[in-house]
>>> print(open('model.pdb').read())   # PDB, C-alpha atoms, pLDDT in the B column
ATOM      1  CA  MET A   1     -17.594 141.757-145.788  1.00 91.00           C
ATOM      2  CA  THR A   2     -14.671 141.299-143.424  1.00 95.00           C
ATOM      3  CA  VAL A   3     -15.116 140.649-139.693  1.00 96.00           C
ATOM      4  CA  MET A   4     -12.187 141.409-137.400  1.00 97.00           C
ATOM      5  CA  LYS A   5     -12.369 140.451-133.726  1.00 96.00           C
ATOM      6  CA  VAL A   6     -10.472 142.717-131.365  1.00 95.00           C
ATOM      7  CA  SER A   7      -9.482 139.665-129.307  1.00 89.00           C
ATOM      8  CA  GLU A   8      -7.837 138.044-132.340  1.00 85.00           C
ATOM      9  CA  HIS A   9      -6.098 141.025-133.967  1.00 86.00           C
ATOM     10  CA  HIS A  10      -3.848 143.799-132.745  1.00 94.00           C
ATOM     11  CA  VAL A  11      -5.947 146.945-132.369  1.00 96.00           C
ATOM     12  CA  GLY A  12      -3.489 148.937-134.482  1.00 96.00           C
ATOM     13  CA  ILE A  13      -3.954 146.551-137.399  1.00 97.00           C
ATOM     14  CA  ILE A  14      -7.738 146.769-137.111  1.00 98.00           C
ATOM     15  CA  LEU A  15      -7.683 150.569-136.984  1.00 98.00           C
ATOM     16  CA  GLN A  16      -5.471 150.831-140.058  1.00 98.00           C
ATOM     17  CA  LYS A  17      -7.725 148.421-141.969  1.00 98.00           C
ATOM     18  CA  ALA A  18     -10.756 150.478-140.977  1.00 98.00           C
ATOM     19  CA  ILE A  19      -9.138 153.763-141.986  1.00 98.00           C
ATOM     20  CA  ASP A  20      -8.078 152.344-145.353  1.00 98.00           C
ATOM     21  CA  ILE A  21     -11.673 151.278-146.003  1.00 98.00           C
ATOM     22  CA  LEU A  22     -13.080 154.641-144.935  1.00 98.00           C
ATOM     23  CA  LEU A  23     -10.640 156.501-147.179  1.00 98.00           C
ATOM     24  CA  SER A  24     -11.613 154.311-150.125  1.00 98.00           C
ATOM     25  CA  GLY A  25     -15.324 155.051-149.659  1.00 97.00           C
ATOM     26  CA  GLY A  26     -16.301 152.005-147.632  1.00 98.00           C
ATOM     27  CA  ILE A  27     -18.590 151.452-144.644  1.00 98.00           C
ATOM     28  CA  VAL A  28     -17.284 150.206-141.291  1.00 98.00           C
ATOM     29  CA  ALA A  29     -19.303 148.975-138.300  1.00 98.00           C
ATOM     30  CA  TYR A  30     -17.614 149.618-134.968  1.00 98.00           C
ATOM     31  CA  PRO A  31     -18.454 149.453-131.255  1.00 98.00           C
ATOM     32  CA  THR A  32     -18.976 152.650-129.285  1.00 97.00           C
ATOM     33  CA  GLU A  33     -19.432 152.969-125.532  1.00 95.00           C
ATOM     34  CA  THR A  34     -23.202 152.622-126.049  1.00 95.00           C
ATOM     35  CA  PHE A  35     -24.093 150.616-129.199  1.00 97.00           C
ATOM     36  CA  TYR A  36     -22.517 149.629-132.523  1.00 98.00           C
ATOM     37  CA  ALA A  37     -22.352 152.365-135.148  1.00 98.00           C
ATOM     38  CA  LEU A  38     -21.849 152.623-138.904  1.00 98.00           C
ATOM     39  CA  GLY A  39     -18.982 154.793-140.033  1.00 98.00           C
ATOM     40  CA  VAL A  40     -18.135 156.450-143.318  1.00 98.00           C
ATOM     41  CA  LYS A  41     -15.792 159.349-143.990  1.00 98.00           C
ATOM     42  CA  PHE A  42     -17.832 162.513-143.488  1.00 98.00           C
ATOM     43  CA  ASP A  43     -17.153 164.034-146.919  1.00 97.00           C
ATOM     44  CA  MET A  44     -17.678 160.963-149.121  1.00 96.00           C
ATOM     45  CA  GLN A  45     -20.963 161.935-150.757  1.00 96.00           C
ATOM     46  CA  ALA A  46     -21.602 158.709-152.670  1.00 96.00           C
ATOM     47  CA  THR A  47     -20.904 156.635-149.563  1.00 97.00           C
ATOM     48  CA  LEU A  48     -23.162 158.829-147.439  1.00 97.00           C
ATOM     49  CA  GLN A  49     -25.974 158.187-149.908  1.00 96.00           C
ATOM     50  CA  ARG A  50     -25.208 154.473-149.780  1.00 96.00           C
ATOM     51  CA  LEU A  51     -25.383 154.606-145.989  1.00 97.00           C
ATOM     52  CA  TYR A  52     -28.814 156.259-146.021  1.00 96.00           C
ATOM     53  CA  ASP A  53     -30.075 153.612-148.441  1.00 96.00           C
ATOM     54  CA  LEU A  54     -28.543 150.786-146.407  1.00 96.00           C
ATOM     55  CA  LYS A  55     -30.217 151.910-143.194  1.00 96.00           C
ATOM     56  CA  GLN A  56     -33.443 152.931-144.975  1.00 95.00           C
ATOM     57  CA  ARG A  57     -32.952 156.191-143.108  1.00 93.00           C
ATOM     58  CA  PRO A  58     -35.231 159.142-143.951  1.00 93.00           C
ATOM     59  CA  ARG A  59     -33.288 161.894-145.731  1.00 91.00           C
ATOM     60  CA  GLU A  60     -34.682 164.511-143.339  1.00 93.00           C
ATOM     61  CA  LYS A  61     -32.774 162.917-140.446  1.00 93.00           C
ATOM     62  CA  ALA A  62     -29.255 164.308-140.044  1.00 95.00           C
ATOM     63  CA  MET A  63     -26.218 162.045-139.724  1.00 97.00           C
ATOM     64  CA  PRO A  64     -24.275 162.327-136.429  1.00 98.00           C
ATOM     65  CA  LEU A  65     -20.486 162.406-136.398  1.00 98.00           C
ATOM     66  CA  ILE A  66     -17.667 161.457-134.055  1.00 98.00           C
ATOM     67  CA  ILE A  67     -14.260 163.115-133.893  1.00 98.00           C
ATOM     68  CA  GLY A  68     -11.161 162.180-131.961  1.00 98.00           C
ATOM     69  CA  ASP A  69     -10.005 165.687-131.190  1.00 95.00           C
ATOM     70  CA  GLN A  70     -11.894 168.840-130.266  1.00 94.00           C
ATOM     71  CA  ALA A  71      -9.652 170.765-132.678  1.00 94.00           C
ATOM     72  CA  LEU A  72     -11.616 169.251-135.591  1.00 96.00           C
ATOM     73  CA  LEU A  73     -14.707 171.198-134.566  1.00 96.00           C
ATOM     74  CA  SER A  74     -13.492 174.239-136.475  1.00 93.00           C
ATOM     75  CA  SER A  75     -13.910 172.289-139.732  1.00 94.00           C
ATOM     76  CA  LEU A  76     -17.491 171.327-138.861  1.00 98.00           C
ATOM     77  CA  SER A  77     -19.012 174.319-137.093  1.00 96.00           C
ATOM     78  CA  THR A  78     -19.075 178.054-137.674  1.00 89.00           C
ATOM     79  CA  SER A  79     -19.779 178.938-134.056  1.00 91.00           C
ATOM     80  CA  ILE A  80     -19.039 177.274-130.734  1.00 95.00           C
ATOM     81  CA  ASN A  81     -20.507 179.321-127.903  1.00 95.00           C
ATOM     82  CA  ARG A  82     -19.671 179.363-124.203  1.00 94.00           C
ATOM     83  CA  THR A  83     -22.375 176.879-123.334  1.00 94.00           C
ATOM     84  CA  ALA A  84     -21.011 174.414-125.863  1.00 96.00           C
ATOM     85  CA  LEU A  85     -17.441 174.906-124.693  1.00 96.00           C
ATOM     86  CA  SER A  86     -18.442 174.299-121.081  1.00 96.00           C
ATOM     87  CA  LEU A  87     -20.327 171.118-121.954  1.00 96.00           C
ATOM     88  CA  ILE A  88     -17.343 169.927-123.989  1.00 97.00           C
ATOM     89  CA  GLU A  89     -15.011 170.599-121.067  1.00 96.00           C
ATOM     90  CA  ASN A  90     -17.214 168.715-118.639  1.00 96.00           C
ATOM     91  CA  PHE A  91     -18.588 165.816-120.687  1.00 97.00           C
ATOM     92  CA  TRP A  92     -16.162 165.013-123.522  1.00 97.00           C
ATOM     93  CA  PRO A  93     -14.934 162.420-124.223  1.00 97.00           C
ATOM     94  CA  GLY A  94     -18.283 160.789-123.514  1.00 96.00           C
ATOM     95  CA  PRO A  95     -21.796 159.943-124.722  1.00 96.00           C
ATOM     96  CA  LEU A  96     -22.923 163.540-125.223  1.00 98.00           C
ATOM     97  CA  THR A  97     -23.745 164.650-128.764  1.00 98.00           C
ATOM     98  CA  LEU A  98     -23.847 168.412-129.314  1.00 98.00           C
ATOM     99  CA  VAL A  99     -25.817 170.073-132.083  1.00 98.00           C
ATOM    100  CA  LEU A 100     -23.854 173.066-133.399  1.00 98.00           C
ATOM    101  CA  PRO A 101     -24.202 175.530-136.309  1.00 97.00           C
ATOM    102  CA  SER A 102     -22.710 173.754-139.311  1.00 97.00           C
ATOM    103  CA  SER A 103     -20.015 174.926-141.680  1.00 96.00           C
ATOM    104  CA  ASP A 104     -21.214 175.766-145.191  1.00 93.00           C
ATOM    105  CA  ASN A 105     -19.059 173.058-146.748  1.00 92.00           C
ATOM    106  CA  LEU A 106     -20.861 170.169-145.017  1.00 96.00           C
ATOM    107  CA  SER A 107     -23.070 167.993-147.180  1.00 95.00           C
ATOM    108  CA  ASP A 108     -26.843 167.951-146.737  1.00 95.00           C
ATOM    109  CA  SER A 109     -26.327 164.240-146.158  1.00 95.00           C
ATOM    110  CA  ILE A 110     -24.749 165.250-142.848  1.00 97.00           C
ATOM    111  CA  THR A 111     -26.939 168.229-141.947  1.00 97.00           C
ATOM    112  CA  ALA A 112     -30.229 167.183-143.612  1.00 95.00           C
ATOM    113  CA  GLY A 113     -30.598 170.835-144.573  1.00 94.00           C
ATOM    114  CA  THR A 114     -30.824 171.982-140.939  1.00 95.00           C
ATOM    115  CA  HIS A 115     -27.633 174.088-141.066  1.00 96.00           C
ATOM    116  CA  THR A 116     -26.553 172.238-137.926  1.00 97.00           C
ATOM    117  CA  VAL A 117     -24.193 169.357-137.229  1.00 98.00           C
ATOM    118  CA  ALA A 118     -24.422 166.733-134.465  1.00 98.00           C
ATOM    119  CA  VAL A 119     -21.013 165.707-133.149  1.00 98.00           C
ATOM    120  CA  ARG A 120     -19.219 164.243-130.155  1.00 98.00           C
ATOM    121  CA  VAL A 121     -15.904 162.892-128.993  1.00 98.00           C
ATOM    122  CA  PRO A 122     -16.889 159.393-127.839  1.00 97.00           C
ATOM    123  CA  GLY A 123     -16.008 158.004-124.454  1.00 95.00           C
ATOM    124  CA  LYS A 124     -13.472 155.270-123.831  1.00 94.00           C
ATOM    125  CA  SER A 125     -14.121 152.737-126.582  1.00 95.00           C
ATOM    126  CA  LEU A 126     -12.816 151.484-129.880  1.00 97.00           C
ATOM    127  CA  ALA A 127     -14.830 154.317-131.452  1.00 98.00           C
ATOM    128  CA  LEU A 128     -12.604 156.852-129.717  1.00 98.00           C
ATOM    129  CA  LYS A 129      -9.452 155.037-130.838  1.00 98.00           C
ATOM    130  CA  LEU A 130     -10.738 154.928-134.414  1.00 98.00           C
ATOM    131  CA  ALA A 131     -11.626 158.623-134.481  1.00 98.00           C
ATOM    132  CA  GLN A 132      -8.262 159.562-132.978  1.00 98.00           C
ATOM    133  CA  ALA A 133      -6.358 157.417-135.463  1.00 98.00           C
ATOM    134  CA  ALA A 134      -8.370 158.592-138.479  1.00 98.00           C
ATOM    135  CA  ARG A 135      -8.032 162.317-137.740  1.00 97.00           C
ATOM    136  CA  PHE A 136     -11.160 163.067-139.737  1.00 98.00           C
ATOM    137  CA  PRO A 137     -14.856 163.058-138.771  1.00 98.00           C
ATOM    138  CA  ILE A 138     -16.674 159.733-139.097  1.00 98.00           C
ATOM    139  CA  THR A 139     -20.414 159.089-139.126  1.00 98.00           C
ATOM    140  CA  ALA A 140     -21.779 157.501-135.966  1.00 98.00           C
ATOM    141  CA  THR A 141     -25.306 156.497-136.918  1.00 97.00           C
ATOM    142  CA  SER A 142     -26.544 153.402-135.104  1.00 96.00           C
ATOM    143  CA  ALA A 143     -25.828 150.076-136.818  1.00 97.00           C
ATOM    144  CA  ASN A 144     -29.415 149.048-137.499  1.00 97.00           C
ATOM    145  CA  ILE A 145     -32.210 149.409-140.001  1.00 96.00           C
ATOM    146  CA  SER A 146     -34.110 152.585-139.119  1.00 94.00           C
ATOM    147  CA  GLY A 147     -36.838 151.776-136.612  1.00 93.00           C
ATOM    148  CA  LYS A 148     -35.211 148.509-135.494  1.00 96.00           C
ATOM    149  CA  PRO A 149     -33.378 148.025-132.163  1.00 95.00           C
ATOM    150  CA  PRO A 150     -29.759 149.248-132.137  1.00 95.00           C
ATOM    151  CA  ALA A 151     -27.094 146.556-132.364  1.00 97.00           C
ATOM    152  CA  VAL A 152     -25.248 145.651-129.154  1.00 96.00           C
ATOM    153  CA  ASN A 153     -22.926 143.075-130.727  1.00 97.00           C
ATOM    154  CA  ALA A 154     -21.332 142.224-134.049  1.00 97.00           C
ATOM    155  CA  GLY A 155     -23.768 139.394-134.659  1.00 97.00           C
ATOM    156  CA  ALA A 156     -26.685 141.807-134.695  1.00 97.00           C
ATOM    157  CA  VAL A 157     -24.863 144.058-137.173  1.00 98.00           C
ATOM    158  CA  ILE A 158     -24.232 141.106-139.481  1.00 97.00           C
ATOM    159  CA  GLU A 159     -27.872 140.007-139.185  1.00 97.00           C
ATOM    160  CA  TYR A 160     -29.049 143.469-140.233  1.00 97.00           C
ATOM    161  CA  PHE A 161     -26.646 144.042-143.104  1.00 96.00           C
ATOM    162  CA  ASN A 162     -24.951 140.744-144.013  1.00 88.00           C
ATOM    163  CA  ALA A 163     -22.412 141.464-146.773  1.00 89.00           C
ATOM    164  CA  LYS A 164     -23.624 144.998-147.521  1.00 94.00           C
ATOM    165  CA  ILE A 165     -20.946 146.651-145.375  1.00 96.00           C
ATOM    166  CA  ASP A 166     -17.212 146.354-145.850  1.00 97.00           C
ATOM    167  CA  LEU A 167     -15.878 145.745-142.341  1.00 98.00           C
ATOM    168  CA  VAL A 168     -17.332 144.776-138.969  1.00 98.00           C
ATOM    169  CA  ILE A 169     -15.068 145.379-135.991  1.00 98.00           C
ATOM    170  CA  ASP A 170     -16.138 142.844-133.388  1.00 97.00           C
ATOM    171  CA  GLY A 171     -15.362 144.333-129.997  1.00 96.00           C
ATOM    172  CA  GLY A 172     -17.795 142.141-128.087  1.00 95.00           C
ATOM    173  CA  ARG A 173     -21.009 143.285-126.483  1.00 95.00           C
ATOM    174  CA  THR A 174     -21.439 146.997-125.816  1.00 94.00           C
ATOM    175  CA  SER A 175     -23.252 148.376-122.772  1.00 86.00           C
ATOM    176  CA  GLY A 176     -26.496 148.691-124.721  1.00 82.00           C
ATOM    177  CA  GLU A 177     -28.014 150.707-121.900  1.00 83.00           C
ATOM    178  CA  SER A 178     -28.723 154.130-123.389  1.00 91.00           C
ATOM    179  CA  PRO A 179     -27.717 156.008-126.541  1.00 93.00           C
ATOM    180  CA  SER A 180     -25.794 159.249-126.360  1.00 96.00           C
ATOM    181  CA  THR A 181     -27.619 162.268-124.990  1.00 97.00           C
ATOM    182  CA  ILE A 182     -28.286 164.955-127.626  1.00 97.00           C
ATOM    183  CA  VAL A 183     -28.203 168.639-126.694  1.00 98.00           C
ATOM    184  CA  ASP A 184     -28.797 171.597-129.016  1.00 97.00           C
ATOM    185  CA  VAL A 185     -26.263 174.346-128.262  1.00 97.00           C
ATOM    186  CA  THR A 186     -26.929 176.591-131.239  1.00 96.00           C
ATOM    187  CA  GLY A 187     -28.409 179.249-128.934  1.00 90.00           C
ATOM    188  CA  LYS A 188     -27.485 180.841-125.611  1.00 83.00           C
ATOM    189  CA  HIS A 189     -29.215 178.139-123.580  1.00 86.00           C
ATOM    190  CA  ALA A 190     -28.900 174.414-124.125  1.00 94.00           C
ATOM    191  CA  ILE A 191     -31.967 172.483-125.303  1.00 95.00           C
ATOM    192  CA  LEU A 192     -32.270 168.787-124.489  1.00 96.00           C
ATOM    193  CA  LEU A 193     -33.284 166.885-127.624  1.00 96.00           C
ATOM    194  CA  ARG A 194     -32.765 163.347-126.314  1.00 96.00           C
ATOM    195  CA  GLU A 195     -31.869 162.151-122.844  1.00 96.00           C
ATOM    196  CA  GLY A 196     -29.536 159.186-122.921  1.00 95.00           C
ATOM    197  CA  ALA A 197     -26.406 158.086-121.105  1.00 94.00           C
ATOM    198  CA  VAL A 198     -25.728 161.597-119.753  1.00 96.00           C
ATOM    199  CA  LYS A 199     -28.683 162.483-117.534  1.00 95.00           C
ATOM    200  CA  LYS A 200     -30.490 165.813-117.608  1.00 93.00           C
ATOM    201  CA  GLU A 201     -29.949 166.392-113.888  1.00 94.00           C
ATOM    202  CA  ASN A 202     -26.190 166.292-114.438  1.00 94.00           C
ATOM    203  CA  MET A 203     -26.503 169.177-116.909  1.00 93.00           C
ATOM    204  CA  ALA A 204     -29.265 171.157-115.188  1.00 90.00           C
ATOM    205  CA  ALA A 205     -27.186 174.356-114.969  1.00 90.00           C
ATOM    206  CA  TYR A 206     -27.053 174.579-118.773  1.00 91.00           C
ATOM    207  CA  PHE A 207     -30.808 174.684-119.391  1.00 88.00           C
ATOM    208  CA  MET A 208     -33.147 177.660-119.159  1.00 75.00           C
ATOM    209  CA  PRO A 209     -34.929 177.743-115.790  1.00 68.00           C
ATOM    210  CA  GLY A 210     -38.541 176.644-115.835  1.00 54.00           C
TER     211      GLY A 210
END
>>> encode(input="model.pdb", output="structure tokens")
Amino acid sequence: MTVMKVSEHHVGIILQKAIDILLSGGIVAYPTETFYALGVKFDMQATLQRLYDLKQRPREKAMPLIIGDQALLSSLSTSINRTALSLIENFWPGPLTLVLPSSDNLSDSITAGTHTVAVRVPGKSLALKLAQAARFPITATSANISGKPPAVNAGAVIEYFNAKIDLVIDGGRTSGESPSTIVDVTGKHAILLREGAVKKENMAAYFMPG
């Protein structure tokens, strides 16, 4: 396992190292605007399986993704309705994960057989820089053993996984306040699945009255 501190390395060098590892089927821990996350390239099936095993994550739980550009949505989702587009316009980049109908080519290790995909463009953070530089979707599952508290610093990531991941990007402590909010936009009206950093009252117009 390699640990690279943002304060000690040029960000461009760190991003290229991370992308090289992702392309070769490795696992990278990186800071988001909320917590640390574990990233693998979205279409690396063997690595996705390794990630599930590493986190002891139930197979029925889908794997969220981050992208650096809204244009990548067309490769992940078959349908992006008006509600989704409006939420994207108003809350991306940011800690809002949208659940969309998934493309047929996505692995069950991403969708968990739900025929949906959870994705966001992260807010200002190293996660956003990584997704923009990579130009492919990256998993954004929290950097912890399932059921344990999410990691807010690199030390916690290392304590959870030790040498079982390939790279830890140490960007210091994250906010650690709330995870991303998750909203299902597969239908006409949005459905709040998890309230997090983006509060329900700020999205009230998108939900069915009552």
>>> residues_near_point(input="model.pdb", point="(-23.6, 148.0, -122.1)", cutoff="8 Å", atoms="all atoms listed in the file", output="count of residues only")
9
>>> resolve_selection(input="model.pdb", expression="the PyMOL selection byres ((chain A and resi 8-11) around 12)", output="ChimeraX atom specification")
/A:3-7,12-18,125-127,129-130,133,169-172
>>> write_last_selection(input="model.pdb", atoms="C-alpha atoms", output="mmCIF file, in the coordinates of the input")
data_model
loop_
_atom_site.group_PDB
_atom_site.id
_atom_site.type_symbol
_atom_site.label_atom_id
_atom_site.label_comp_id
_atom_site.auth_asym_id
_atom_site.auth_seq_id
_atom_site.Cartn_x
_atom_site.Cartn_y
_atom_site.Cartn_z
ATOM 1 C CA VAL A 3 -15.116 140.649 -139.693
ATOM 2 C CA MET A 4 -12.187 141.409 -137.400
ATOM 3 C CA LYS A 5 -12.369 140.451 -133.726
ATOM 4 C CA VAL A 6 -10.472 142.717 -131.365
ATOM 5 C CA SER A 7 -9.482 139.665 -129.307
ATOM 6 C CA GLY A 12 -3.489 148.937 -134.482
ATOM 7 C CA ILE A 13 -3.954 146.551 -137.399
ATOM 8 C CA ILE A 14 -7.738 146.769 -137.111
ATOM 9 C CA LEU A 15 -7.683 150.569 -136.984
ATOM 10 C CA GLN A 16 -5.471 150.831 -140.058
ATOM 11 C CA LYS A 17 -7.725 148.421 -141.969
ATOM 12 C CA ALA A 18 -10.756 150.478 -140.977
ATOM 13 C CA SER A 125 -14.121 152.737 -126.582
ATOM 14 C CA LEU A 126 -12.816 151.484 -129.880
ATOM 15 C CA ALA A 127 -14.830 154.317 -131.452
ATOM 16 C CA LYS A 129 -9.452 155.037 -130.838
ATOM 17 C CA LEU A 130 -10.738 154.928 -134.414
ATOM 18 C CA ALA A 133 -6.358 157.417 -135.463
ATOM 19 C CA ILE A 169 -15.068 145.379 -135.991
ATOM 20 C CA ASP A 170 -16.138 142.844 -133.388
ATOM 21 C CA GLY A 171 -15.362 144.333 -129.997
ATOM 22 C CA GLY A 172 -17.795 142.141 -128.087
#
>>> resolve_selection(input="model.pdb", expression="the PyMOL selection byres ((chain A and resi 187-201) around 9)", output="PyMOL selection string")
chain A and resi 34+81-84+91+94-96+100+177-186+202-208
>>> atom_distance(input="model.pdb", atom1="atom CA of A:Arg57", atom2="atom CA of A:Asp166")
18.8 Å
>>> resolve_selection(input="model.pdb", expression="the PyMOL selection byres ((chain A and resi 47-55) around 8)", output="PDB file with C-alpha atoms, in the frame of the given file")
ATOM      1  CA  GLY A  25     -15.324 155.051-149.659  1.00 97.00           C
ATOM      2  CA  GLY A  26     -16.301 152.005-147.632  1.00 98.00           C
ATOM      3  CA  ILE A  27     -18.590 151.452-144.644  1.00 98.00           C
ATOM      4  CA  VAL A  40     -18.135 156.450-143.318  1.00 98.00           C
ATOM      5  CA  PHE A  42     -17.832 162.513-143.488  1.00 98.00           C
ATOM      6  CA  ASP A  43     -17.153 164.034-146.919  1.00 97.00           C
ATOM      7  CA  MET A  44     -17.678 160.963-149.121  1.00 96.00           C
ATOM      8  CA  GLN A  45     -20.963 161.935-150.757  1.00 96.00           C
ATOM      9  CA  ALA A  46     -21.602 158.709-152.670  1.00 96.00           C
ATOM     10  CA  GLN A  56     -33.443 152.931-144.975  1.00 95.00           C
ATOM     11  CA  ARG A  57     -32.952 156.191-143.108  1.00 93.00           C
ATOM     12  CA  PRO A  58     -35.231 159.142-143.951  1.00 93.00           C
ATOM     13  CA  ARG A  59     -33.288 161.894-145.731  1.00 91.00           C
ATOM     14  CA  SER A 109     -26.327 164.240-146.158  1.00 95.00           C
ATOM     15  CA  ALA A 143     -25.828 150.076-136.818  1.00 97.00           C
ATOM     16  CA  ASN A 144     -29.415 149.048-137.499  1.00 97.00           C
ATOM     17  CA  ILE A 145     -32.210 149.409-140.001  1.00 96.00           C
ATOM     18  CA  SER A 146     -34.110 152.585-139.119  1.00 94.00           C
ATOM     19  CA  PHE A 161     -26.646 144.042-143.104  1.00 96.00           C
ATOM     20  CA  LYS A 164     -23.624 144.998-147.521  1.00 94.00           C
TER      21      LYS A 164
END
>>> axis_aligned_box(input="model.pdb", around="stretch 43-48 of chain A", padding_each_side="6 Å", output="JSON")
{"center_x": -20.2, "center_y": 160.3, "center_z": -149.8, "size_x": 18.0, "size_y": 19.4, "size_z": 17.8}
>>> closest_residue(input="model.pdb", among="A:Ala131, A:Ala62, A:Ala140, A:Ala37", to="A:Ser102", atoms="only C-alpha atoms")
A:Ala62
>>> atom_distance(input="model.pdb", atom1="atom CA of A:Lys41", atom2="atom CA of A:Pro137")
6.5 Å
>>> decode(input="model.pdb", residues="stretch 190-202 of chain A", atoms="N, CA and C atoms", output="PDB file, in the first residue's frame")
ATOM      1  N   ALA A 190     -39.488  12.719  -7.410  1.00  0.00           N
ATOM      2  CA  ALA A 190     -38.320  12.279  -6.663  1.00  0.00           C
ATOM      3  C   ALA A 190     -38.743  11.588  -5.371  1.00  0.00           C
ATOM      4  N   ILE A 191     -37.955  10.599  -4.948  1.00  0.00           N
ATOM      5  CA  ILE A 191     -38.194   9.897  -3.690  1.00  0.00           C
ATOM      6  C   ILE A 191     -36.909   9.978  -2.864  1.00  0.00           C
ATOM      7  N   LEU A 192     -37.024  10.517  -1.667  1.00  0.00           N
ATOM      8  CA  LEU A 192     -35.856  10.650  -0.795  1.00  0.00           C
ATOM      9  C   LEU A 192     -35.541   9.301  -0.160  1.00  0.00           C
ATOM     10  N   LEU A 193     -34.352   8.776  -0.450  1.00  0.00           N
ATOM     11  CA  LEU A 193     -33.931   7.499   0.122  1.00  0.00           C
ATOM     12  C   LEU A 193     -33.049   7.694   1.351  1.00  0.00           C
ATOM     13  N   ARG A 194     -32.256   8.764   1.357  1.00  0.00           N
ATOM     14  CA  ARG A 194     -31.417   9.066   2.515  1.00  0.00           C
ATOM     15  C   ARG A 194     -31.154  10.567   2.557  1.00  0.00           C
ATOM     16  N   GLU A 195     -31.500  11.185   3.664  1.00  0.00           N
ATOM     17  CA  GLU A 195     -31.187  12.605   3.819  1.00  0.00           C
ATOM     18  C   GLU A 195     -29.783  12.746   4.376  1.00  0.00           C
ATOM     19  N   GLY A 196     -28.980  13.560   3.712  1.00  0.00           N
ATOM     20  CA  GLY A 196     -27.613  13.769   4.149  1.00  0.00           C
ATOM     21  C   GLY A 196     -27.246  15.233   4.071  1.00  0.00           C
ATOM     22  N   ALA A 197     -26.159  15.525   3.378  1.00  0.00           N
ATOM     23  CA  ALA A 197     -25.638  16.888   3.330  1.00  0.00           C
ATOM     24  C   ALA A 197     -26.584  17.865   2.636  1.00  0.00           C
ATOM     25  N   VAL A 198     -27.333  17.398   1.643  1.00  0.00           N
ATOM     26  CA  VAL A 198     -28.359  18.232   1.005  1.00  0.00           C
ATOM     27  C   VAL A 198     -29.678  17.943   1.709  1.00  0.00           C
ATOM     28  N   LYS A 199     -30.268  18.961   2.324  1.00  0.00           N
ATOM     29  CA  LYS A 199     -31.443  18.766   3.160  1.00  0.00           C
ATOM     30  C   LYS A 199     -32.728  18.700   2.342  1.00  0.00           C
ATOM     31  N   LYS A 200     -33.681  17.914   2.872  1.00  0.00           N
ATOM     32  CA  LYS A 200     -34.946  17.697   2.183  1.00  0.00           C
ATOM     33  C   LYS A 200     -35.666  19.004   1.892  1.00  0.00           C
ATOM     34  N   GLU A 201     -35.613  19.946   2.846  1.00  0.00           N
ATOM     35  CA  GLU A 201     -36.338  21.206   2.646  1.00  0.00           C
ATOM     36  C   GLU A 201     -35.806  22.006   1.464  1.00  0.00           C
ATOM     37  N   ASN A 202     -34.547  21.785   1.117  1.00  0.00           N
ATOM     38  CA  ASN A 202     -33.959  22.483  -0.028  1.00  0.00           C
ATOM     39  C   ASN A 202     -34.369  21.865  -1.372  1.00  0.00           C
TER      40      ASN A 202
END
